[in-house]
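Reviewing the structure listed below.
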Amino acid sequence: MADGQFTISMEQLNDFEFKVKFDDGKELLMDEPEPIGSGQGPNPTRLISAAIGYCLSGSLFFALQKARVDTKILKTTVTTQVTRSEKGRLRISGSKVSINAELDQSENTINRRQKSLELFEDFCVATQSIRNGFDVEVEVIDQNGKKIHG
């Protein structure tokens, strides 16, 4: 991924179902689980968890490939804790990522393998952005084009 920006768009289909259109033409259906939504797609909390897990898995795989360490299979699980804030609002309070990797265990890869393990987290865009936090600007525009919030 290069420096710059990208834009995605969303359109409400029904109640909490939204079609997400990515700038590369791909689409994804998002929804809330029952009883709020109908569970037709993942909700934002699950997408954040998936982004963390995928980003770390991909980053590890890339680092190991770059170090010429044979990697056959990565299996990743992400366990995300959702708790209530002081105001009683649901918030993600943490995630635990477990990556099971089938790696080359030969003696000649030990140093390269270790270097990859030391570096891969720092190259994970999603995880490091979430860990460090980032600004989110919000505006609401009504049907007349008037900004009514933000």
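Labeling convention for the structure tokens: chains A, B, ... as they appear, residues from 1 per chain, ligands from 1 in order of appearance.
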- Per-residue DSSP, stretch 8-147 of chain A, filtered to strand (DSSP E), as a PyMOL selection string: chain A and resi 9-14+17-21+27-30+71-84+90-103+140-141+147
Tell me which protein, DNA and RNA residues are within 12 Å of A:Ile52, counting only C-alpha atoms, leaving out same-chain ones fewer than 2 positions away, and put them as a PDB file with N, CA and C atoms, in the first residue's frame.
ATOM      1  N   THR A  45     -17.348  -4.152  14.619  1.00  0.00           N
ATOM      2  CA  THR A  45     -16.449  -4.725  15.614  1.00  0.00           C
ATOM      3  C   THR A  45     -15.753  -5.960  15.057  1.00  0.00           C
ATOM      4  N   ARG A  46     -16.489  -6.802  14.352  1.00  0.00           N
ATOM      5  CA  ARG A  46     -15.898  -7.998  13.758  1.00  0.00           C
ATOM      6  C   ARG A  46     -14.954  -7.641  12.609  1.00  0.00           C
ATOM      7  N   LEU A  47     -15.280  -6.596  11.865  1.00  0.00           N
ATOM      8  CA  LEU A  47     -14.376  -6.168  10.793  1.00  0.00           C
ATOM      9  C   LEU A  47     -13.061  -5.633  11.354  1.00  0.00           C
ATOM     10  N   ILE A  48     -13.125  -4.917  12.468  1.00  0.00           N
ATOM     11  CA  ILE A  48     -11.896  -4.435  13.108  1.00  0.00           C
ATOM     12  C   ILE A  48     -11.052  -5.626  13.549  1.00  0.00           C
ATOM     13  N   SER A  49     -11.687  -6.616  14.150  1.00  0.00           N
ATOM     14  CA  SER A  49     -10.961  -7.821  14.583  1.00  0.00           C
ATOM     15  C   SER A  49     -10.345  -8.541  13.388  1.00  0.00           C
ATOM     16  N   ALA A  50     -11.108  -8.674  12.308  1.00  0.00           N
ATOM     17  CA  ALA A  50     -10.593  -9.326  11.104  1.00  0.00           C
ATOM     18  C   ALA A  50      -9.427  -8.531  10.520  1.00  0.00           C
ATOM     19  N   TYR A  54      -5.850 -10.216   9.995  1.00  0.00           N
ATOM     20  CA  TYR A  54      -5.326 -10.322   8.626  1.00  0.00           C
ATOM     21  C   TYR A  54      -4.028  -9.529   8.487  1.00  0.00           C
ATOM     22  N   CYS A  55      -4.016  -8.317   8.999  1.00  0.00           N
ATOM     23  CA  CYS A  55      -2.848  -7.459   8.849  1.00  0.00           C
ATOM     24  C   CYS A  55      -1.624  -8.091   9.509  1.00  0.00           C
ATOM     25  N   LEU A  56      -1.786  -8.610  10.708  1.00  0.00           N
ATOM     26  CA  LEU A  56      -0.657  -9.245  11.391  1.00  0.00           C
ATOM     27  C   LEU A  56      -0.218 -10.522  10.675  1.00  0.00           C
ATOM     28  N   SER A  57      -1.179 -11.324  10.219  1.00  0.00           N
ATOM     29  CA  SER A  57      -0.844 -12.559   9.507  1.00  0.00           C
ATOM     30  C   SER A  57      -0.114 -12.263   8.204  1.00  0.00           C
ATOM     31  N   GLY A  58      -0.643 -11.303   7.448  1.00  0.00           N
ATOM     32  CA  GLY A  58      -0.008 -10.921   6.193  1.00  0.00           C
ATOM     33  C   GLY A  58       1.364 -10.337   6.400  1.00  0.00           C
ATOM     34  N   SER A  59       1.506  -9.518   7.436  1.00  0.00           N
ATOM     35  CA  SER A  59       2.789  -8.899   7.737  1.00  0.00           C
ATOM     36  C   SER A  59       3.823  -9.951   8.132  1.00  0.00           C
ATOM     37  N   THR A  76      -4.792 -18.127  12.035  1.00  0.00           N
ATOM     38  CA  THR A  76      -4.864 -17.034  12.992  1.00  0.00           C
ATOM     39  C   THR A  76      -6.231 -16.998  13.649  1.00  0.00           C
ATOM     40  N   THR A  77      -6.231 -16.790  14.951  1.00  0.00           N
ATOM     41  CA  THR A  77      -7.477 -16.535  15.662  1.00  0.00           C
ATOM     42  C   THR A  77      -7.346 -15.202  16.384  1.00  0.00           C
ATOM     43  N   VAL A  78      -8.433 -14.459  16.377  1.00  0.00           N
ATOM     44  CA  VAL A  78      -8.472 -13.170  17.065  1.00  0.00           C
ATOM     45  C   VAL A  78      -9.628 -13.230  18.055  1.00  0.00           C
ATOM     46  N   THR A  79      -9.318 -13.038  19.315  1.00  0.00           N
ATOM     47  CA  THR A  79     -10.344 -13.000  20.357  1.00  0.00           C
ATOM     48  C   THR A  79     -10.448 -11.558  20.828  1.00  0.00           C
ATOM     49  N   THR A  80     -11.598 -10.966  20.631  1.00  0.00           N
ATOM     50  CA  THR A  80     -11.803  -9.552  20.947  1.00  0.00           C
ATOM     51  C   THR A  80     -12.744  -9.425  22.130  1.00  0.00           C
ATOM     52  N   GLY A  94      -9.956  -4.713  23.974  1.00  0.00           N
ATOM     53  CA  GLY A  94      -8.702  -5.373  23.638  1.00  0.00           C
ATOM     54  C   GLY A  94      -8.931  -6.566  22.733  1.00  0.00           C
ATOM     55  N   SER A  95      -7.859  -6.972  22.087  1.00  0.00           N
ATOM     56  CA  SER A  95      -7.889  -8.158  21.239  1.00  0.00           C
ATOM     57  C   SER A  95      -6.635  -8.968  21.486  1.00  0.00           C
ATOM     58  N   LYS A  96      -6.788 -10.272  21.423  1.00  0.00           N
ATOM     59  CA  LYS A  96      -5.646 -11.176  21.524  1.00  0.00           C
ATOM     60  C   LYS A  96      -5.563 -11.937  20.213  1.00  0.00           C
ATOM     61  N   VAL A  97      -4.402 -11.868  19.581  1.00  0.00           N
ATOM     62  CA  VAL A  97      -4.183 -12.526  18.299  1.00  0.00           C
ATOM     63  C   VAL A  97      -3.226 -13.687  18.511  1.00  0.00           C
ATOM     64  N   SER A  98      -3.620 -14.845  18.018  1.00  0.00           N
ATOM     65  CA  SER A  98      -2.768 -16.031  18.093  1.00  0.00           C
ATOM     66  C   SER A  98      -2.547 -16.536  16.667  1.00  0.00           C
ATOM     67  N   ILE A  99      -1.282 -16.517  16.236  1.00  0.00           N
ATOM     68  CA  ILE A  99      -0.919 -16.967  14.897  1.00  0.00           C
ATOM     69  C   ILE A  99      -0.165 -18.285  15.031  1.00  0.00           C
ATOM     70  N   GLU A 121       5.314  -6.983  13.452  1.00  0.00           N
ATOM     71  CA  GLU A 121       4.226  -6.193  14.042  1.00  0.00           C
ATOM     72  C   GLU A 121       4.319  -4.719  13.666  1.00  0.00           C
ATOM     73  N   CYS A 124       2.591  -3.719  10.390  1.00  0.00           N
ATOM     74  CA  CYS A 124       1.157  -3.961  10.248  1.00  0.00           C
ATOM     75  C   CYS A 124       0.416  -2.628  10.380  1.00  0.00           C
ATOM     76  N   VAL A 125      -0.054  -2.107   9.251  1.00  0.00           N
ATOM     77  CA  VAL A 125      -0.696  -0.789   9.197  1.00  0.00           C
ATOM     78  C   VAL A 125      -1.914  -0.719  10.118  1.00  0.00           C
ATOM     79  N   ALA A 126      -2.828  -1.677  10.008  1.00  0.00           N
ATOM     80  CA  ALA A 126      -4.078  -1.633  10.781  1.00  0.00           C
ATOM     81  C   ALA A 126      -3.820  -1.723  12.282  1.00  0.00           C
ATOM     82  N   THR A 127      -3.041  -2.708  12.702  1.00  0.00           N
ATOM     83  CA  THR A 127      -2.810  -2.916  14.125  1.00  0.00           C
ATOM     84  C   THR A 127      -2.090  -1.729  14.748  1.00  0.00           C
ATOM     85  N   GLN A 128      -1.049  -1.242  14.094  1.00  0.00           N
ATOM     86  CA  GLN A 128      -0.305  -0.115  14.663  1.00  0.00           C
ATOM     87  C   GLN A 128      -1.140   1.163  14.683  1.00  0.00           C
ATOM     88  N   SER A 129      -1.993   1.349  13.679  1.00  0.00           N
ATOM     89  CA  SER A 129      -2.872   2.522  13.671  1.00  0.00           C
ATOM     90  C   SER A 129      -3.861   2.463  14.829  1.00  0.00           C
ATOM     91  N   ILE A 130      -4.418   1.282  15.065  1.00  0.00           N
ATOM     92  CA  ILE A 130      -5.366   1.125  16.174  1.00  0.00           C
ATOM     93  C   ILE A 130      -4.655   1.302  17.505  1.00  0.00           C
ATOM     94  N   ARG A 131      -3.474   0.726  17.645  1.00  0.00           N
ATOM     95  CA  ARG A 131      -2.705   0.861  18.889  1.00  0.00           C
ATOM     96  C   ARG A 131      -2.377   2.321  19.181  1.00  0.00           C
TER      97      ARG A 131
END
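With only C-alpha atoms taken into account, the protein and nucleic acid residues at most 12 Å from A:Asp24 (excluding it and anything under 3 positions from it in its own chain) are Phe6, Thr7, Ile8, Ser9, Val20, Lys21, Glu27 and Leu28 of chain A.
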- Query: Given the choices A:Gly53, A:Asp3, A:Gln143, A:Asn14, which gets closest to A:Ser38 if the distance is worked out from only C-alpha atoms?
  - Reply: A:Asn14
- Query: Looking at A:Asp122, A:Met10, A:Ala51, A:Asp15, which one is nearest to A:Pro35, with distances taken over only C-alpha atoms?
  - Reply: A:Asp15
- Task: Write out as a ChimeraX atom specification the residues lying within 12 Å of A:Gln65, counting only C-alpha atoms and excluding same-chain residues fewer than 4 positions away.
- Result: /A:58-61,69-72,103-104,109,112-113,115-117,120
- Coordinates-based distance that separates atom CA of A:Asn100 from atom CA of A:Leu74 (Å, one decimal):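 Result for atom CA of A:Leu74 versus atom CA of A:Asn100: 5.6 Å, one decimal.
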- Task: If you run DSSP over the backbone, which residues in stretch 61-150 of chain A end up helix (DSSP H, G or I)? Put them as a PyMOL selection string.
- Result: chain A and resi 61-66+107-123+125-132
